[in-house]
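Visitor: Please read through the structure below; I'll follow up with questions.
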Amino acid sequence: MANKTQPTEASVAAFVAGLADERRRADSERLIALMTDVTGEAATMWGPSIIGFGSYHYRYASGREGDAPLASFSPRKSNLTLYVSAGEDTRAGLLARLGPHTTGKSCVYVKRLSDLDEQALIELIRAGVAFARAQDVAS
């Protein structure tokens, strides 16, 4: 079964411009610049609310497979959700330096970018991209 969230033709600029919260828009524009720089990939809408960069093909031991962005985020109402996976040791060390956040399985939730150590954020994105590329079964 493939991932339900797929790249779309929707405009990233229109999506960001439509965000009601001014700080969320500014944070989204900054994240787009950072993730574009780190990944070397253009921003693409994945589903209705995730902004992704590049893609990789994964296959789990269970047989489930699909495509996912190398790095992505979603500007949700209550926080910015960063989708970055990296090896647990690497991720834990970078998160310790990041600043105020909470985590899910492969999500990092932050209130505002200005509260974060930007260098730690860049390193987290870079580590996540390297981890995703290492998992890519299509390459």
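Residue numbering restarts at 1 in every chain; chains get A, B, ... in the order shown in the structure tokens, and ligands count up from 1 in that same order.
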Would you list the contacts of stretch 65-79 of chain A as an MDAnalysis selection string, taking every protein, DNA or RNA residue within 6 Å and counting only C-alpha atoms, but skipping same-chain residues closer than 3 positions in sequence?
Guide: chainID A and resid 2:3 49:59 82:84 110:111 129 132
Visitor: Write out as number ranges by chain each polymer residue whose atoms come within 12 Å of A:Phe131, counting only C-alpha atoms; drop sequence neighbours fewer than 3 positions from it.
Guide: A: 56, 58, 69-71, 84-88, 90-91, 106, 124-128, 134-136
Visitor: Export N, CA and C atoms of the chosen residues as a PDB file, in the first residue's frame?
Guide:
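Writing the result to again.pdb gives the following:
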```pdb
ATOM      1  N   TYR A  56      12.151  10.379  -1.940  1.00  0.00           N
ATOM      2  CA  TYR A  56      12.854   9.098  -1.938  1.00  0.00           C
ATOM      3  C   TYR A  56      11.811   8.000  -1.869  1.00  0.00           C
ATOM      4  N   TYR A  58      10.758   4.406  -0.286  1.00  0.00           N
ATOM      5  CA  TYR A  58      11.058   3.537   0.858  1.00  0.00           C
ATOM      6  C   TYR A  58      10.317   2.214   0.725  1.00  0.00           C
ATOM      7  N   PRO A  69       8.837  12.875   0.904  1.00  0.00           N
ATOM      8  CA  PRO A  69       9.819  13.943   0.702  1.00  0.00           C
ATOM      9  C   PRO A  69      11.094  13.679   1.502  1.00  0.00           C
ATOM     10  N   LEU A  70      12.224  14.162   1.002  1.00  0.00           N
ATOM     11  CA  LEU A  70      13.482  14.067   1.740  1.00  0.00           C
ATOM     12  C   LEU A  70      13.381  14.871   3.037  1.00  0.00           C
ATOM     13  N   ALA A  71      12.752  16.014   2.964  1.00  0.00           N
ATOM     14  CA  ALA A  71      12.493  16.879   4.115  1.00  0.00           C
ATOM     15  C   ALA A  71      11.176  17.582   3.840  1.00  0.00           C
ATOM     16  N   VAL A  84      11.309  15.323   9.835  1.00  0.00           N
ATOM     17  CA  VAL A  84      12.710  14.988   9.610  1.00  0.00           C
ATOM     18  C   VAL A  84      13.038  13.725  10.393  1.00  0.00           C
ATOM     19  N   SER A  85      13.518  12.732   9.695  1.00  0.00           N
ATOM     20  CA  SER A  85      13.941  11.483  10.328  1.00  0.00           C
ATOM     21  C   SER A  85      15.447  11.405  10.204  1.00  0.00           C
ATOM     22  N   ALA A  86      16.077  10.967  11.252  1.00  0.00           N
ATOM     23  CA  ALA A  86      17.521  10.731  11.218  1.00  0.00           C
ATOM     24  C   ALA A  86      17.782   9.598  12.189  1.00  0.00           C
ATOM     25  N   GLY A  87      18.953   9.022  12.132  1.00  0.00           N
ATOM     26  CA  GLY A  87      19.287   8.009  13.111  1.00  0.00           C
ATOM     27  C   GLY A  87      19.040   8.561  14.508  1.00  0.00           C
ATOM     28  N   GLU A  88      18.525   7.740  15.398  1.00  0.00           N
ATOM     29  CA  GLU A  88      18.117   8.217  16.722  1.00  0.00           C
ATOM     30  C   GLU A  88      19.218   8.926  17.487  1.00  0.00           C
ATOM     31  N   THR A  90      21.868  10.562  16.315  1.00  0.00           N
ATOM     32  CA  THR A  90      22.102  11.842  15.654  1.00  0.00           C
ATOM     33  C   THR A  90      20.966  12.801  15.959  1.00  0.00           C
ATOM     34  N   ARG A  91      19.744  12.320  15.803  1.00  0.00           N
ATOM     35  CA  ARG A  91      18.553  13.154  16.020  1.00  0.00           C
ATOM     36  C   ARG A  91      18.514  13.669  17.454  1.00  0.00           C
ATOM     37  N   SER A 106       8.476  10.809  13.897  1.00  0.00           N
ATOM     38  CA  SER A 106       9.460  11.446  13.010  1.00  0.00           C
ATOM     39  C   SER A 106       9.126  12.925  12.827  1.00  0.00           C
ATOM     40  N   LEU A 124      19.994  19.388  11.561  1.00  0.00           N
ATOM     41  CA  LEU A 124      18.926  18.394  11.685  1.00  0.00           C
ATOM     42  C   LEU A 124      18.332  18.077  10.310  1.00  0.00           C
ATOM     43  N   ILE A 125      18.067  19.115   9.528  1.00  0.00           N
ATOM     44  CA  ILE A 125      17.527  18.911   8.176  1.00  0.00           C
ATOM     45  C   ILE A 125      18.542  18.132   7.332  1.00  0.00           C
ATOM     46  N   ARG A 126      19.799  18.533   7.399  1.00  0.00           N
ATOM     47  CA  ARG A 126      20.857  17.869   6.629  1.00  0.00           C
ATOM     48  C   ARG A 126      20.951  16.384   7.012  1.00  0.00           C
ATOM     49  N   ALA A 127      20.921  16.104   8.324  1.00  0.00           N
ATOM     50  CA  ALA A 127      20.992  14.713   8.790  1.00  0.00           C
ATOM     51  C   ALA A 127      19.768  13.926   8.337  1.00  0.00           C
ATOM     52  N   GLY A 128      18.604  14.559   8.364  1.00  0.00           N
ATOM     53  CA  GLY A 128      17.386  13.896   7.918  1.00  0.00           C
ATOM     54  C   GLY A 128      17.422  13.561   6.439  1.00  0.00           C
ATOM     55  N   ALA A 134      19.780   7.500   2.326  1.00  0.00           N
ATOM     56  CA  ALA A 134      20.354   6.183   2.621  1.00  0.00           C
ATOM     57  C   ALA A 134      19.279   5.099   2.618  1.00  0.00           C
ATOM     58  N   GLN A 135      18.023   5.484   2.871  1.00  0.00           N
ATOM     59  CA  GLN A 135      16.904   4.534   2.884  1.00  0.00           C
ATOM     60  C   GLN A 135      16.301   4.316   1.499  1.00  0.00           C
ATOM     61  N   ASP A 136      16.698   5.141   0.529  1.00  0.00           N
ATOM     62  CA  ASP A 136      16.075   5.148  -0.800  1.00  0.00           C
ATOM     63  C   ASP A 136      16.366   3.839  -1.528  1.00  0.00           C
TER      64      ASP A 136
END
```
Visitor: Could you give me the residues within chain A that DSSP places in strand (DSSP E or B), as a PyMOL selection string?
Guide: chain A and resi 7+43-46+50-53+56-59+65-68+71-75+80-83+102-103+107-110
Visitor: Smallest atom-to-atom distance to A:Arg30: which of A:His101, A:Val137, A:Leu95, A:Leu113, using only C-alpha atoms?
Guide: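 Closest candidate: A:Leu113.
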Visitor: If we count only C-alpha atoms, what is near A:Arg112 at a cut-off of 9 Å, once residues fewer than 2 positions away on the same chain are taken out, given as an NGL selection string?
Guide: :A and (23-24 or 27 or 79-80 or 100 or 110 or 114-116)
Visitor: Keeping all heavy atoms, export the residues of the selection given above as a compact mmCIF listing (two decimals), in the first residue's frame.
Guide:
```txt
# COMPACT_ATOMS: atom_id res chain seq x y z
N ARG A 23 3.13 35.47 11.33
CA ARG A 23 4.37 34.82 11.77
C ARG A 23 4.51 33.45 11.13
O ARG A 23 5.60 33.04 10.74
CB ARG A 23 4.40 34.69 13.30
CG ARG A 23 5.77 34.18 13.79
CD ARG A 23 5.85 34.03 15.28
NE ARG A 23 5.13 32.83 15.67
CZ ARG A 23 4.27 32.74 16.66
NH1 ARG A 23 4.00 33.78 17.41
NH2 ARG A 23 3.67 31.61 16.94
N ARG A 24 3.40 32.71 10.99
CA ARG A 24 3.44 31.39 10.34
C ARG A 24 3.90 31.53 8.90
O ARG A 24 4.66 30.73 8.39
CB ARG A 24 2.04 30.79 10.40
CG ARG A 24 1.79 29.43 10.75
CD ARG A 24 2.70 28.54 11.49
NE ARG A 24 2.13 28.12 12.74
CZ ARG A 24 2.72 28.28 13.91
NH1 ARG A 24 3.90 28.83 14.01
NH2 ARG A 24 2.15 27.87 15.00
N ASP A 27 7.69 32.35 8.99
CA ASP A 27 8.42 31.14 9.35
C ASP A 27 8.43 30.14 8.20
O ASP A 27 9.44 29.49 7.93
CB ASP A 27 7.83 30.49 10.61
CG ASP A 27 8.23 31.20 11.90
OD1 ASP A 27 9.08 32.12 11.87
OD2 ASP A 27 7.68 30.82 12.95
N ASN A 79 1.35 24.97 15.64
CA ASN A 79 2.80 24.87 15.58
C ASN A 79 3.25 24.57 14.16
O ASN A 79 2.45 24.29 13.29
CB ASN A 79 3.31 23.78 16.54
CG ASN A 79 2.62 22.45 16.30
OD1 ASN A 79 2.50 22.00 15.17
ND2 ASN A 79 2.15 21.82 17.36
N LEU A 80 4.56 24.64 13.97
CA LEU A 80 5.17 24.18 12.72
C LEU A 80 5.54 22.73 12.95
O LEU A 80 6.20 22.40 13.94
CB LEU A 80 6.44 24.97 12.42
CG LEU A 80 6.27 26.43 12.02
CD1 LEU A 80 7.60 27.16 12.11
CD2 LEU A 80 5.72 26.53 10.61
N PRO A 100 13.27 25.10 22.10
CA PRO A 100 11.97 24.58 22.54
C PRO A 100 11.24 23.81 21.43
O PRO A 100 11.04 24.33 20.33
CB PRO A 100 11.17 25.82 22.92
CG PRO A 100 12.14 26.94 22.95
CD PRO A 100 13.34 26.55 22.16
N VAL A 110 7.40 22.79 16.64
CA VAL A 110 7.96 24.03 17.18
C VAL A 110 6.93 25.15 17.07
O VAL A 110 6.11 25.15 16.16
CB VAL A 110 9.28 24.43 16.48
CG1 VAL A 110 10.35 23.36 16.66
CG2 VAL A 110 9.07 24.73 15.02
N SER A 114 12.14 31.64 15.48
CA SER A 114 13.03 32.57 16.18
C SER A 114 13.49 32.02 17.53
O SER A 114 14.50 32.49 18.08
CB SER A 114 12.35 33.93 16.38
OG SER A 114 11.16 33.78 17.15
N ASP A 115 12.81 31.02 18.07
CA ASP A 115 13.20 30.39 19.34
C ASP A 115 14.28 29.32 19.16
O ASP A 115 14.80 28.81 20.14
CB ASP A 115 12.00 29.72 20.00
CG ASP A 115 10.98 30.72 20.51
OD1 ASP A 115 11.32 31.92 20.65
OD2 ASP A 115 9.82 30.32 20.75
N LEU A 116 14.59 28.97 17.91
CA LEU A 116 15.47 27.84 17.65
C LEU A 116 16.90 28.27 17.34
O LEU A 116 17.15 29.37 16.86
CB LEU A 116 14.94 27.03 16.47
CG LEU A 116 13.52 26.50 16.58
CD1 LEU A 116 13.17 25.69 15.35
CD2 LEU A 116 13.32 25.69 17.84
```
Visitor: Need the shell around stretch 6-18 of chain A: protein/DNA/RNA residues with any atom at most 7 Å away, counting only C-alpha atoms. Skip same-chain ones fewer than 2 positions apart. Format as a ChimeraX atom specification?
Guide: /A:4,20,25,28,43-47
Visitor: Would you save the residues of that selection, restricted to all heavy atoms, as a PDB file, in the first residue's frame?
Guide:
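Final output, saved to part_4.pdb:
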```pdb
ATOM      1  N   LYS A   4      -0.500   7.735   1.248  1.00  0.00           N
ATOM      2  CA  LYS A   4      -1.626   8.521   0.755  1.00  0.00           C
ATOM      3  C   LYS A   4      -1.210   9.934   0.374  1.00  0.00           C
ATOM      4  O   LYS A   4      -1.829  10.562  -0.474  1.00  0.00           O
ATOM      5  CB  LYS A   4      -2.730   8.604   1.816  1.00  0.00           C
ATOM      6  CG  LYS A   4      -3.448   7.299   2.045  1.00  0.00           C
ATOM      7  CD  LYS A   4      -4.616   7.474   2.986  1.00  0.00           C
ATOM      8  CE  LYS A   4      -4.116   7.744   4.385  1.00  0.00           C
ATOM      9  NZ  LYS A   4      -5.167   7.744   5.395  1.00  0.00           N
ATOM     10  N   ALA A  20      -3.234  32.444   7.460  1.00  0.00           N
ATOM     11  CA  ALA A  20      -3.811  33.594   8.158  1.00  0.00           C
ATOM     12  C   ALA A  20      -2.827  34.267   9.105  1.00  0.00           C
ATOM     13  O   ALA A  20      -2.828  35.482   9.253  1.00  0.00           O
ATOM     14  CB  ALA A  20      -5.062  33.158   8.922  1.00  0.00           C
ATOM     15  N   ARG A  25       3.405  32.594   8.215  1.00  0.00           N
ATOM     16  CA  ARG A  25       3.834  32.839   6.829  1.00  0.00           C
ATOM     17  C   ARG A  25       5.332  33.118   6.779  1.00  0.00           C
ATOM     18  O   ARG A  25       6.054  32.539   5.959  1.00  0.00           O
ATOM     19  CB  ARG A  25       3.069  34.025   6.217  1.00  0.00           C
ATOM     20  CG  ARG A  25       1.679  33.689   5.747  1.00  0.00           C
ATOM     21  CD  ARG A  25       1.098  34.766   4.839  1.00  0.00           C
ATOM     22  NE  ARG A  25       1.160  36.113   5.396  1.00  0.00           N
ATOM     23  CZ  ARG A  25       0.254  36.647   6.209  1.00  0.00           C
ATOM     24  NH1 ARG A  25      -0.802  35.954   6.571  1.00  0.00           N
ATOM     25  NH2 ARG A  25       0.388  37.883   6.644  1.00  0.00           N
ATOM     26  N   SER A  28       7.301  30.030   7.504  1.00  0.00           N
ATOM     27  CA  SER A  28       7.216  29.108   6.363  1.00  0.00           C
ATOM     28  C   SER A  28       8.157  29.546   5.250  1.00  0.00           C
ATOM     29  O   SER A  28       8.853  28.709   4.655  1.00  0.00           O
ATOM     30  CB  SER A  28       5.779  29.032   5.842  1.00  0.00           C
ATOM     31  OG  SER A  28       4.940  28.439   6.802  1.00  0.00           O
ATOM     32  N   ALA A  43      10.584  23.495  -3.549  1.00  0.00           N
ATOM     33  CA  ALA A  43       9.430  23.198  -2.695  1.00  0.00           C
ATOM     34  C   ALA A  43       8.262  22.708  -3.550  1.00  0.00           C
ATOM     35  O   ALA A  43       7.994  23.255  -4.620  1.00  0.00           O
ATOM     36  CB  ALA A  43       9.012  24.441  -1.926  1.00  0.00           C
ATOM     37  N   THR A  44       7.589  21.669  -3.058  1.00  0.00           N
ATOM     38  CA  THR A  44       6.427  21.082  -3.726  1.00  0.00           C
ATOM     39  C   THR A  44       5.368  20.796  -2.678  1.00  0.00           C
ATOM     40  O   THR A  44       5.696  20.373  -1.568  1.00  0.00           O
ATOM     41  CB  THR A  44       6.811  19.739  -4.401  1.00  0.00           C
ATOM     42  OG1 THR A  44       7.859  19.986  -5.337  1.00  0.00           O
ATOM     43  CG2 THR A  44       5.641  19.108  -5.106  1.00  0.00           C
ATOM     44  N   MET A  45       4.119  21.029  -3.015  1.00  0.00           N
ATOM     45  CA  MET A  45       3.038  20.654  -2.096  1.00  0.00           C
ATOM     46  C   MET A  45       2.861  19.141  -2.142  1.00  0.00           C
ATOM     47  O   MET A  45       2.803  18.538  -3.208  1.00  0.00           O
ATOM     48  CB  MET A  45       1.720  21.334  -2.481  1.00  0.00           C
ATOM     49  CG  MET A  45       1.687  22.837  -2.282  1.00  0.00           C
ATOM     50  SD  MET A  45       2.007  23.417  -0.591  1.00  0.00           S
ATOM     51  CE  MET A  45       0.721  22.588   0.340  1.00  0.00           C
ATOM     52  N   TRP A  46       2.803  18.535  -0.972  1.00  0.00           N
ATOM     53  CA  TRP A  46       2.488  17.110  -0.809  1.00  0.00           C
ATOM     54  C   TRP A  46       1.155  17.083  -0.089  1.00  0.00           C
ATOM     55  O   TRP A  46       1.071  17.472   1.086  1.00  0.00           O
ATOM     56  CB  TRP A  46       3.566  16.402   0.000  1.00  0.00           C
ATOM     57  CG  TRP A  46       4.822  16.136  -0.772  1.00  0.00           C
ATOM     58  CD1 TRP A  46       5.712  17.041  -1.252  1.00  0.00           C
ATOM     59  CD2 TRP A  46       5.323  14.849  -1.152  1.00  0.00           C
ATOM     60  NE1 TRP A  46       6.728  16.409  -1.906  1.00  0.00           N
ATOM     61  CE2 TRP A  46       6.516  15.058  -1.865  1.00  0.00           C
ATOM     62  CE3 TRP A  46       4.866  13.543  -0.952  1.00  0.00           C
ATOM     63  CZ2 TRP A  46       7.274  14.019  -2.385  1.00  0.00           C
ATOM     64  CZ3 TRP A  46       5.628  12.508  -1.465  1.00  0.00           C
ATOM     65  CH2 TRP A  46       6.802  12.740  -2.177  1.00  0.00           C
ATOM     66  N   GLY A  47       0.114  16.680  -0.802  1.00  0.00           N
ATOM     67  CA  GLY A  47      -1.216  16.750  -0.213  1.00  0.00           C
ATOM     68  C   GLY A  47      -1.592  18.213  -0.039  1.00  0.00           C
ATOM     69  O   GLY A  47      -0.957  19.113  -0.585  1.00  0.00           O
TER      70      GLY A  47
END
```
Visitor: Give me, as a PDB file with N, CA, C and O atoms, in the first residue's frame, all polymer residues having an atom no more than 9 Å from A:Val38, counting only C-alpha atoms and skipping those fewer than 2 positions away in the same chain.
Guide:
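Below is the file around.pdb, written as the result:
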```pdb
ATOM      1  N   ALA A  33      13.270  28.506   2.373  1.00  0.00           N
ATOM      2  CA  ALA A  33      14.626  28.894   1.967  1.00  0.00           C
ATOM      3  C   ALA A  33      15.662  27.925   2.539  1.00  0.00           C
ATOM      4  O   ALA A  33      16.554  27.469   1.817  1.00  0.00           O
ATOM      5  N   LEU A  34      15.536  27.590   3.826  1.00  0.00           N
ATOM      6  CA  LEU A  34      16.496  26.675   4.458  1.00  0.00           C
ATOM      7  C   LEU A  34      16.455  25.293   3.817  1.00  0.00           C
ATOM      8  O   LEU A  34      17.501  24.719   3.493  1.00  0.00           O
ATOM      9  N   MET A  35      15.249  24.750   3.656  1.00  0.00           N
ATOM     10  CA  MET A  35      15.132  23.389   3.132  1.00  0.00           C
ATOM     11  C   MET A  35      15.526  23.319   1.662  1.00  0.00           C
ATOM     12  O   MET A  35      16.097  22.323   1.217  1.00  0.00           O
ATOM     13  N   THR A  36      15.252  24.370   0.904  1.00  0.00           N
ATOM     14  CA  THR A  36      15.693  24.414  -0.491  1.00  0.00           C
ATOM     15  C   THR A  36      17.216  24.406  -0.546  1.00  0.00           C
ATOM     16  O   THR A  36      17.822  23.668  -1.329  1.00  0.00           O
ATOM     17  N   GLY A  40      18.724  21.152  -2.011  1.00  0.00           N
ATOM     18  CA  GLY A  40      18.962  21.431  -3.420  1.00  0.00           C
ATOM     19  C   GLY A  40      17.729  21.173  -4.271  1.00  0.00           C
ATOM     20  O   GLY A  40      17.808  21.113  -5.490  1.00  0.00           O
ATOM     21  N   GLU A  41      16.585  21.026  -3.618  1.00  0.00           N
ATOM     22  CA  GLU A  41      15.322  20.708  -4.308  1.00  0.00           C
ATOM     23  C   GLU A  41      14.324  21.837  -4.137  1.00  0.00           C
ATOM     24  O   GLU A  41      14.318  22.524  -3.108  1.00  0.00           O
ATOM     25  N   ILE A 122      19.511  23.528  10.767  1.00  0.00           N
ATOM     26  CA  ILE A 122      20.116  23.195   9.469  1.00  0.00           C
ATOM     27  C   ILE A 122      20.768  21.811   9.536  1.00  0.00           C
ATOM     28  O   ILE A 122      20.597  20.986   8.640  1.00  0.00           O
ATOM     29  N   GLU A 123      21.485  21.541  10.618  1.00  0.00           N
ATOM     30  CA  GLU A 123      22.139  20.243  10.767  1.00  0.00           C
ATOM     31  C   GLU A 123      21.107  19.116  10.892  1.00  0.00           C
ATOM     32  O   GLU A 123      21.323  18.014  10.366  1.00  0.00           O
ATOM     33  N   ILE A 125      18.067  19.115   9.528  1.00  0.00           N
ATOM     34  CA  ILE A 125      17.527  18.911   8.176  1.00  0.00           C
ATOM     35  C   ILE A 125      18.542  18.132   7.332  1.00  0.00           C
ATOM     36  O   ILE A 125      18.188  17.160   6.658  1.00  0.00           O
ATOM     37  N   ARG A 126      19.799  18.533   7.399  1.00  0.00           N
ATOM     38  CA  ARG A 126      20.857  17.869   6.629  1.00  0.00           C
ATOM     39  C   ARG A 126      20.951  16.384   7.012  1.00  0.00           C
ATOM     40  O   ARG A 126      21.049  15.509   6.150  1.00  0.00           O
ATOM     41  N   VAL A 129      17.951  14.479   5.639  1.00  0.00           N
ATOM     42  CA  VAL A 129      18.069  14.247   4.195  1.00  0.00           C
ATOM     43  C   VAL A 129      19.041  13.100   3.932  1.00  0.00           C
ATOM     44  O   VAL A 129      18.765  12.204   3.127  1.00  0.00           O
TER      45      VAL A 129
END
```
Visitor: One decimal, Å: what's the distance from atom CA of A:Asp21 over to atom CA of A:Tyr109, could you say?
Guide: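 Here the two named atoms are 16.8 Å from each other.
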Visitor: Using Å and a single decimal, report how far atom CA of A:Thr81 sits from atom CA of A:Leu19.
Guide: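 Between atom CA of A:Leu19 and atom CA of A:Thr81 the gap is 14.6 Å.
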